[in-house]
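Peer 1: Dropping in structure13.txt, which is compact mmCIF, C-alpha atoms:
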# COMPACT_ATOMS: atom_id res chain seq x y z
CA MET A 1 80.87 125.79 149.61
CA LYS A 2 79.84 125.16 145.99
CA SER A 3 82.53 127.53 144.74
CA LYS A 4 85.18 125.68 146.77
CA ILE A 5 84.11 122.33 145.30
CA PHE A 6 84.19 123.81 141.79
CA ASN A 7 87.68 125.26 142.39
CA ILE A 8 88.94 121.88 143.62
CA LEU A 9 87.52 120.14 140.54
CA LEU A 10 89.07 122.79 138.31
CA ILE A 11 92.53 122.43 139.89
CA CYS A 12 92.37 118.62 139.68
CA ALA A 13 91.27 118.76 136.05
CA PHE A 14 94.07 121.22 135.22
CA PHE A 15 96.81 118.90 136.47
CA LEU A 16 95.11 115.89 134.89
CA THR A 17 95.04 117.73 131.57
CA LEU A 18 98.73 118.61 131.81
CA GLY A 19 99.66 115.01 132.49
CA ALA A 20 97.28 113.48 129.98
CA PHE A 21 99.60 114.13 127.04
CA PRO A 22 102.65 111.87 126.58
CA THR A 23 105.86 113.73 127.32
CA LYS A 24 107.65 112.15 124.37
CA VAL A 25 105.76 114.61 122.14
CA PHE A 26 107.95 117.37 123.55
CA SER A 27 111.22 115.55 122.88
CA LYS A 28 113.71 116.63 120.20
CA GLU A 29 113.12 113.42 118.24
CA ALA A 30 109.37 114.04 118.13
CA LYS A 31 109.83 117.60 116.84
CA ALA A 32 111.76 116.29 113.84
CA GLU A 33 108.88 113.98 112.92
CA LYS A 34 105.47 114.92 111.58
CA PHE A 35 102.94 114.81 114.39
CA ASP A 36 100.27 112.09 114.08
CA ALA A 37 97.33 112.88 116.39
CA GLY A 38 95.56 109.59 115.69
CA LYS A 39 98.63 107.51 116.50
CA THR A 40 99.27 109.48 119.71
CA ALA A 41 95.66 109.06 120.87
CA MET A 42 95.69 105.31 120.19
CA GLU A 43 99.00 104.91 122.04
CA HIS A 44 97.49 106.72 125.00
CA ILE A 45 94.40 104.49 125.28
CA ALA A 46 95.98 101.17 124.24
CA ASP A 47 97.03 98.44 126.64
CA LYS A 48 100.80 98.00 127.04
CA HIS A 49 103.35 95.46 128.24
CA GLU A 50 105.08 98.06 130.40
CA TRP A 51 103.89 100.68 132.86
CA HIS A 52 104.89 104.29 132.21
CA LEU A 53 105.01 106.39 135.37
CA PHE A 54 105.29 110.18 135.50
CA GLY A 55 104.81 110.48 131.76
CA GLU A 56 107.68 108.65 130.04
CA LYS A 57 110.34 109.22 132.72
CA VAL A 58 109.97 105.93 134.60
CA VAL A 59 109.17 102.68 132.82
CA VAL A 60 108.29 99.57 134.84
CA PRO A 61 108.61 96.36 132.77
CA LEU A 62 105.84 93.82 133.25
CA PRO A 63 106.14 90.00 133.09
CA ILE A 64 105.55 88.25 129.77
CA ILE A 65 103.79 84.87 129.97
CA LEU A 66 103.49 82.97 126.68
CA TYR A 67 102.10 79.53 126.00
CA THR A 68 103.29 77.89 122.79
CA ASP A 69 102.86 74.49 121.19
CA LYS A 70 106.19 73.60 122.85
CA GLY A 71 105.46 74.87 126.35
CA PHE A 72 105.44 78.02 128.50
CA GLU A 73 107.90 80.89 128.23
CA PHE A 74 108.45 83.50 130.95
CA PHE A 75 110.52 86.67 130.63
CA SER A 76 110.38 90.43 131.24
CA SER A 77 109.10 92.98 128.74
CA ALA A 78 112.40 94.82 129.30
CA ASN A 79 113.96 92.27 126.92
CA PHE A 80 112.19 94.00 124.04
CA ASN A 81 114.30 97.13 124.61
CA THR A 82 117.35 95.42 123.14
CA GLU A 83 118.77 96.11 119.69
CA GLY A 84 116.30 95.21 116.97
CA ASN A 85 113.48 94.88 119.51
CA ILE A 86 113.87 91.08 119.30
CA TYR A 87 114.02 88.64 122.21
CA LYS A 88 115.44 85.19 121.52
CA GLY A 89 113.23 82.87 123.53
CA LYS A 90 113.58 79.23 124.33
CA TYR A 91 111.31 78.10 121.51
CA TYR A 92 110.79 81.13 119.23
CA ASN A 93 112.10 84.64 118.65
CA TYR A 94 109.65 87.34 119.75
CA SER A 95 109.13 90.99 118.94
CA LEU A 96 106.70 93.65 120.16
CA VAL A 97 104.72 94.91 117.14
CA HIS A 98 102.18 97.67 117.95
CA ASP A 99 102.05 96.44 121.58
CA LYS A 100 101.31 92.89 120.38
CA ILE A 101 103.79 90.04 120.83
CA LYS A 102 104.60 88.33 117.55
CA ALA A 103 106.86 85.41 116.70
CA VAL A 104 109.57 86.53 114.27
CA ASP A 105 112.47 85.05 112.32
CA GLN A 106 116.14 85.96 112.72
CA ALA A 107 115.71 89.05 110.53
CA GLY A 108 112.81 90.35 112.62
CA LYS A 109 110.11 89.56 110.06
CA VAL A 110 106.80 88.38 111.56
CA ASP A 111 106.27 84.64 111.23
CA ASP A 112 102.48 84.29 110.92
CA VAL A 113 102.56 80.49 111.22
CA ALA A 114 104.57 80.58 114.46
CA THR A 115 102.52 83.50 115.82
CA LYS A 116 99.33 81.40 115.61
CA LYS A 117 100.98 78.90 117.96
CA VAL A 118 101.68 81.54 120.62
CA TRP A 119 99.06 82.42 123.26
CA ASP A 120 99.71 85.59 125.23
CA PHE A 121 98.81 85.46 128.95
CA SER A 122 101.08 88.35 129.92
CA ILE A 123 100.49 90.76 132.81
CA THR A 124 99.73 93.95 130.90
CA GLN A 125 99.23 97.48 132.16
CA ASN A 126 95.46 97.01 132.43
CA ILE A 127 95.79 93.76 134.36
CA ALA A 128 98.32 95.30 136.76
CA GLY A 129 96.00 98.28 137.18
CA MET A 130 93.04 96.00 137.88
CA TRP A 131 95.04 94.21 140.58
CA LEU A 132 96.01 97.55 142.07
CA SER A 133 92.40 98.74 142.19
CA GLY A 134 91.40 95.40 143.73
CA LEU A 135 93.95 95.86 146.51
CA VAL A 136 92.68 99.39 147.13
CA LEU A 137 89.09 98.13 147.36
CA ILE A 138 90.09 95.34 149.74
CA PHE A 139 91.91 97.84 151.95
CA VAL A 140 88.96 100.27 151.95
CA PHE A 141 86.32 97.67 152.81
CA LEU A 142 88.45 95.86 155.39
CA SER A 143 89.14 99.19 157.10
CA ALA A 144 85.46 100.09 157.02
CA SER A 145 84.35 96.71 158.36
CA SER A 146 86.91 96.82 161.19
CA GLY A 147 85.57 100.29 162.04
CA TYR A 148 82.06 98.85 162.48
CA LYS A 149 83.40 96.13 164.78
CA LYS A 150 85.40 98.55 166.92
CA ARG A 151 82.81 101.36 167.00
CA VAL A 152 79.55 99.51 167.57
CA GLY A 153 76.70 101.99 168.01
CA LYS A 154 78.96 104.99 167.38
CA ALA A 155 79.11 107.48 164.53
CA PRO A 156 81.20 106.39 161.52
CA LYS A 157 84.76 107.64 161.32
CA GLY A 158 87.50 107.73 158.67
CA LEU A 159 86.96 105.48 155.64
CA GLN A 160 83.81 104.18 157.31
CA SER A 161 82.21 107.62 157.09
CA PHE A 162 83.14 107.81 153.38
CA VAL A 163 81.85 104.34 152.41
CA GLU A 164 78.66 104.21 154.50
CA PRO A 165 76.66 106.93 152.65
CA ILE A 166 77.47 105.33 149.29
CA ILE A 167 76.42 101.88 150.50
CA LEU A 168 73.16 103.29 151.89
CA PHE A 169 72.57 105.13 148.62
CA ILE A 170 73.03 101.94 146.57
CA ARG A 171 70.74 100.05 148.95
CA ASP A 172 67.93 102.62 149.33
CA ASP A 173 67.93 104.32 145.91
CA VAL A 174 69.24 101.64 143.55
CA ALA A 175 68.72 98.07 144.80
CA ARG A 176 65.52 98.24 146.86
CA PRO A 177 63.34 100.26 144.41
CA ASN A 178 64.43 98.28 141.33
CA ILE A 179 64.79 94.72 142.66
CA GLY A 180 62.16 94.61 145.38
CA VAL A 181 62.05 92.39 148.46
CA LYS A 182 64.93 90.19 147.23
CA TYR A 183 67.35 93.14 146.98
CA GLU A 184 69.64 91.97 149.82
CA ARG A 185 70.65 88.91 147.83
CA PHE A 186 72.16 91.09 145.10
CA MET A 187 73.66 93.86 147.22
CA PRO A 188 77.21 92.37 147.28
CA LEU A 189 77.22 92.17 143.47
CA LEU A 190 75.90 95.71 142.97
CA LEU A 191 78.33 97.21 145.49
CA THR A 192 81.28 95.36 143.95
CA VAL A 193 80.35 96.48 140.44
CA PHE A 194 79.79 100.10 141.51
CA PHE A 195 83.03 100.51 143.45
CA PHE A 196 85.08 98.56 140.89
CA ILE A 197 83.92 100.78 138.03
CA LEU A 198 84.19 103.95 140.13
CA ILE A 199 87.78 103.44 141.26
CA ASN A 200 89.00 102.28 137.84
CA ASN A 201 87.25 105.21 136.14
CA PHE A 202 89.07 107.52 138.54
CA PHE A 203 92.45 105.81 138.23
CA GLY A 204 92.10 105.96 134.44
CA MET A 205 92.10 109.76 134.65
CA ILE A 206 95.32 109.98 136.67
CA PRO A 207 98.25 110.40 134.26
CA PHE A 208 100.81 109.66 136.95
CA PHE A 209 101.25 106.74 139.33
CA PRO A 210 99.18 104.81 140.30
CA GLY A 211 96.88 105.44 137.34
CA GLY A 212 97.10 106.24 133.68
CA TYR A 213 95.63 102.97 132.42
CA ASN A 214 92.38 102.73 130.47
CA LEU A 215 90.68 99.73 132.09
CA THR A 216 87.02 100.74 131.80
CA GLY A 217 87.73 101.99 128.27
CA ASN A 218 88.73 98.43 127.32
CA ILE A 219 85.82 96.56 125.75
CA ALA A 220 87.08 93.19 127.06
CA VAL A 221 86.63 94.46 130.63
CA THR A 222 83.18 95.95 130.03
CA PHE A 223 82.19 92.74 128.19
CA THR A 224 83.17 90.67 131.25
CA LEU A 225 81.19 92.91 133.60
CA ALA A 226 78.15 92.79 131.30
CA PHE A 227 78.46 89.00 130.91
CA ILE A 228 78.39 88.58 134.70
CA ILE A 229 75.18 90.63 134.87
CA PHE A 230 73.78 88.55 131.96
CA LEU A 231 74.40 85.33 133.90
CA VAL A 232 72.90 86.73 137.11
CA ILE A 233 69.76 87.90 135.29
CA ASN A 234 69.06 84.66 133.48
CA LEU A 235 70.13 82.22 136.20
CA ASN A 236 67.87 83.98 138.72
CA GLY A 237 64.93 84.63 136.39
CA ASN A 238 61.65 83.27 137.77
CA LYS A 239 58.76 81.63 135.90
CA TYR A 240 57.08 84.98 135.25
CA TYR A 241 60.24 86.28 133.57
CA TRP A 242 60.48 83.32 131.19
CA LYS A 243 56.71 83.24 130.63
CA HIS A 244 56.83 86.88 129.57
CA ILE A 245 59.52 86.01 127.00
CA PHE A 246 58.15 82.75 125.55
CA SER A 247 54.44 83.20 126.19
CA PRO A 248 53.53 86.83 125.50
CA ASN A 249 49.94 88.03 125.63
CA PRO A 250 47.94 87.95 123.35
CA TRP A 251 48.87 84.65 121.69
CA TRP A 252 48.58 85.94 118.11
CA LEU A 253 51.66 88.15 118.71
CA PHE A 254 53.89 85.08 119.25
CA PRO A 255 55.64 85.30 115.83
CA ILE A 256 56.59 88.92 116.49
CA MET A 257 57.08 89.21 120.25
CA ILE A 258 59.05 86.02 120.96
CA PRO A 259 61.97 86.96 118.62
CA VAL A 260 61.89 90.52 120.00
CA GLU A 261 62.03 89.27 123.62
CA ILE A 262 64.87 86.85 122.81
CA VAL A 263 66.84 89.69 121.24
CA GLY A 264 66.11 91.72 124.39
CA ILE A 265 67.83 89.08 126.54
CA PHE A 266 71.12 89.87 124.80
CA SER A 267 70.59 93.55 124.04
CA LYS A 268 70.46 94.48 127.75
CA PRO A 269 74.02 93.35 128.62
CA ILE A 270 75.26 94.66 125.26
CA ALA A 271 73.88 98.09 126.18
CA LEU A 272 75.73 97.93 129.51
CA MET A 273 78.96 96.94 127.77
CA ILE A 274 78.86 99.58 125.03
CA ARG A 275 77.68 102.44 127.24
CA LEU A 276 80.54 102.18 129.74
CA PHE A 277 83.20 101.41 127.12
CA ALA A 278 82.19 104.19 124.70
CA ASN A 279 81.81 106.94 127.30
CA MET A 280 85.15 106.32 129.03
CA LEU A 281 87.03 105.81 125.76
CA ALA A 282 85.52 108.92 124.18
CA GLY A 283 86.54 111.09 127.12
CA HIS A 284 90.21 110.12 126.77
CA ILE A 285 90.22 110.58 123.00
CA VAL A 286 88.50 113.99 123.12
CA ILE A 287 91.00 115.38 125.66
CA ILE A 288 94.00 114.07 123.69
CA SER A 289 92.52 115.43 120.45
CA LEU A 290 92.00 118.90 121.91
CA ILE A 291 95.56 119.09 123.22
CA SER A 292 96.83 117.75 119.88
CA LEU A 293 95.55 120.91 118.20
CA ILE A 294 98.66 122.69 119.50
CA PHE A 295 100.92 120.33 117.54
CA ILE A 296 98.64 120.05 114.52
CA PHE A 297 98.67 123.84 114.00
CA ASN A 298 102.31 123.95 115.19
CA THR A 299 101.81 127.19 117.12
CA LEU A 300 101.44 128.21 120.74
CA TRP A 301 98.73 130.74 119.85
CA ILE A 302 96.18 127.94 119.85
CA ALA A 303 97.35 126.67 123.26
CA PRO A 304 95.00 128.78 125.47
CA VAL A 305 91.96 127.67 123.46
CA SER A 306 93.12 124.04 123.24
CA ILE A 307 93.97 123.69 126.93
CA GLY A 308 90.86 125.64 127.94
CA PHE A 309 88.54 123.26 126.09
CA ALA A 310 90.51 120.23 127.32
CA LEU A 311 90.20 121.53 130.88
CA PHE A 312 86.45 121.94 130.43
CA ILE A 313 86.09 118.36 129.16
CA ASP A 314 88.28 117.11 132.02
CA VAL A 315 85.96 118.74 134.58
CA ILE A 316 83.03 116.98 132.92
CA GLU A 317 85.01 113.71 132.97
CA VAL A 318 85.35 113.99 136.76
CA LEU A 319 81.55 113.92 136.93
CA VAL A 320 81.31 111.15 134.31
CA VAL A 321 83.52 108.97 136.53
CA PHE A 322 80.74 108.84 139.12
CA LEU A 323 77.86 108.97 136.64
CA GLN A 324 78.94 105.92 134.61
CA ALA A 325 79.44 103.81 137.74
CA TYR A 326 75.95 104.82 138.88
CA VAL A 327 74.31 104.21 135.48
CA PHE A 328 75.86 100.74 135.10
CA THR A 329 74.76 99.79 138.62
CA ILE A 330 71.20 101.10 138.41
CA LEU A 331 70.61 99.49 134.99
CA SER A 332 71.98 96.21 136.34
CA ALA A 333 69.59 96.45 139.31
CA LEU A 334 66.70 97.27 136.96
CA PHE A 335 67.38 94.29 134.69
CA ILE A 336 67.79 91.94 137.67
CA GLY A 337 64.57 93.27 139.18
CA MET A 338 62.68 92.54 135.95
CA ALA A 339 63.85 88.92 136.18
CA VAL A 340 63.28 88.18 139.89
CA GLN A 341 60.20 90.19 140.83
CA GLU A 342 57.12 88.10 141.56
CA HIS A 343 53.90 88.75 139.66
CA HIS A 344 52.12 90.25 142.66
CA GLU A 345 55.01 92.69 143.25
CA ALA A 346 54.78 93.97 139.70
CA GLN A 347 51.03 94.43 140.07
CA GLN A 348 51.48 96.41 143.30
CA GLU A 349 53.98 98.71 141.58
CA VAL A 350 51.53 99.36 138.73
CA ILE A 351 48.75 100.12 141.21
Go ahead and render the structure in this file as C-alpha cells.

Peer 2:
Amino acid sequence: MKSKIFNILLICAFFLTLGAFPTKVFSKEAKAEKFDAGKTAMEHIADKHEWHLFGEKVVVPLPIILYTDKGFEFFSSANFNTEGNIYKGKYYNYSLVHDKIKAVDQAGKVDDVATKKVWDFSITQNIAGMWLSGLVLIFVFLSASSGYKKRVGKAPKGLQSFVEPIILFIRDDVARPNIGVKYERFMPLLLTVFFFILINNFFGMIPFFPGGYNLTGNIAVTFTLAFIIFLVINLNGNKYYWKHIFSPNPWWLFPIMIPVEIVGIFSKPIALMIRLFANMLAGHIVIISLISLIFIFNTLWIAPVSIGFALFIDVIEVLVVFLQAYVFTILSALFIGMAVQEHHEAQQEVI
C-alpha cells in the first residue's frame, strides 16, 4: 500500500515538474536570446493580468478595473496585446510594465505623475484563482452537509467521507487541545483557514488549468490571513491574557518584560505570515531553478540530474502542501488558546 502511494506521488510530481516550466523557453525566439533564470523564475511566481492555461498555449484575458482622479475605467487586459503595448483609455493612456499598469504618454514613456493618480483594482490571476478555490470549497462543504442531512445515522459517503476525518482531526488534535473548552467557538475559523490554505497550496502546484497561480506564495495573502488571526487573538483575549502582558510577575521585571510581551503580540502573526509565504515561494523557485540548469549549461546532458532533483523537490512539495496548512492552523489555535484560556485551565494543564 505504501509503495502504491509513493508511486502515485512520484507520477503526480513528474507531470507537475514537466508543466512547471514555461513553454516559451522552448520557442525559437527564446533560443536566440540569452537565458535569464532569475527573470524566468520571477515571471513564474509573479501575479499577472491574464491567465495562462496549458503553459502558454491558451491565454485568458482578465478584466482591468482602474480608479483615477477622473473616474473609473474598465477594459480587458487583451487590449495590452496591441501594437506598442499601449491602450488609449478614456482619461489616460496605459501600458503593462513588468505586470504593473502604468500611465504613459503618446510615445509609451511612463508618466510618473499620472501613474500616482491611478489605483489598480483589477481582477488578477491570483484573485481569479482565489475565487475559483472559494467556489470549490463551497461545493465541497455544501455537498458534505447535504450528505449529513440525507444520510442521518449512516456511514459517510463520497465527499462526506473525505471531509469528515479532516474535520475530526482539526477538532480533536488541533482545536480542543490548544484552545480548551471554548474550542467550538473558533472551529469555523480554523476549518476555513486550513481548507483555504490547503486547496490553494495544491492549486499552486498545478501548472495547467485550473491552477498555476501562486496565491499562498503572495505575501499580501499571507498578511491578510495573519491579520485575521491577529484580530481574533486580541479581540477575544481575556483579563489573564492582558494581565500577563502588562502586569508580569515579579514587578521589578516590568521595564524588560512589558516591551518584550508587546513585541510578542505582533511577532506571532508575523511568524504565521512569513512561514507560509516563504515556504511556498521557496518551493516554486527551487523547482524552476533546478530545471533552469538545463538552459544555463545549454546541454541535455544535465537534464537527467536537473529533472531528477526537481522531481525529488516536487514530491516533497506535495507533502509541504498539507504540512503548511496544518502548521498555520495549529499555531493559530495555539495563539488563540493562549489568549482565551482561563487561569484555572492553565493551572490544570501544568498539573

Peer 1: Rounded to one decimal, what separation in Å do you get between CA of Met338 in chain A and CA of Tyr241 in chain A?

Peer 2: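 So the answer is 7.1 Å.
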
Peer 1: Leaving out Val60 in chain A and any residue of its chain fewer than 6 positions from it, which residues lie within 10 Å of it when counting only C-alpha atoms, given as a list in words?

Peer 2: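 Here the answer would be His49, Glu50, Trp51, His52, Leu53, Ser77, Ala78 and Gln125 of chain A.
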
Peer 1: Which distance in Å separates CA of Ala333 in chain A and CA of Ile256 in chain A, to one decimal?

Peer 2: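 Computed distance, CA of Ala333 in chain A to CA of Ile256 in chain A, equals 27.3 Å.
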
Peer 1: Which is closest to His284 in chain A among A:Ile138, A:Met205, A:Val305, A:Val340, if we use all atoms listed in the file?

Peer 2: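 Of the candidates, the smallest distance to His284 in chain A is held by A:Met205.
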
Peer 1: Name the residues in contact with His98 in chain A at a cut-off of 10 Å, using only C-alpha atoms, excluding same-chain residues fewer than 5 positions from it; report them as a list of chain:residue names.

Peer 2: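 Everything that qualifies: A:Glu43, A:Ala46, A:Lys48.
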
Peer 1: Rounded to one decimal place, report the CA of Arg151 in chain A-CA of Arg185 in chain A distance in Å.

Peer 2: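 CA of Arg185 in chain A lies 25.9 Å from CA of Arg151 in chain A.
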
Peer 1: Looking at only C-alpha atoms, which of A:Gly337, A:Gly147, A:Gly180, A:Gly158 is the one that sits closest to Gly237 in chain A?

Peer 2: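 Ranked by minimum distance to Gly237 in chain A, first place goes to A:Gly337.
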
Peer 1: With a distance cut-off of 9 Å and only C-alpha atoms, select the neighbouring residues of Lys102 in chain A, excluding the residue or stretch itself and same-chain residues fewer than 6 positions from it, and output the selection as a PyMOL selection string.

Peer 2: chain A and resi 93-96+110-112+114-116+118

Peer 1: List every protein, DNA or RNA residue with an atom no more than 10 Å from (113.9, 77.6, 122.6) in the file's coordinates, counting only C-alpha atoms, and format the result as a PyMOL selection string.

Peer 2: chain A and resi 70-71+73+88-93

Peer 1: Using only C-alpha atoms, which residues sit within 10 Å of Ile229 in chain A once same-chain residues fewer than 5 positions away are excluded, as a list in words?

Peer 2: Leu189, Leu190, Val193, Phe223, Thr224, Asn234, Leu235, Lys268, Pro269, Leu272, Thr329, Leu331, Ser332, Ala333, Phe335 and Ile336 of chain A

Peer 1: Once 8 Å is added on each side, what centre and edge lengths in Å to one decimal does the axis-aligned box around all listed atoms of range 154-173 of chain A have, as JSON?

Peer 2:
{"center_x": 77.7, "center_y": 103.9, "center_z": 156.6, "size_x": 35.6, "size_y": 23.8, "size_z": 37.5}

Peer 1: Choose the residue, out of A:Lys109, A:Lys157, A:Arg275, A:Lys149, that has the smallest atom-to-atom separation from Leu225 in chain A; count only C-alpha atoms.

Peer 2: A:Arg275

Peer 1: Pick out the closest residue to Leu191 in chain A from this set: A:Val221, A:Ile167, A:Val97, A:Ile294. Count all atoms listed in the file.

Peer 2: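 The answer is A:Ile167, which sits nearest to Leu191 in chain A.
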
Peer 1: Measuring atom to atom with all atoms listed in the file, identify which of A:Val263, A:Ala271, A:Val59, A:Val286 is nearest to Asp314 in chain A.

Peer 2: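 Nearest candidate to Asp314 in chain A out of A:Val263, A:Ala271, A:Val59, A:Val286: A:Val286.
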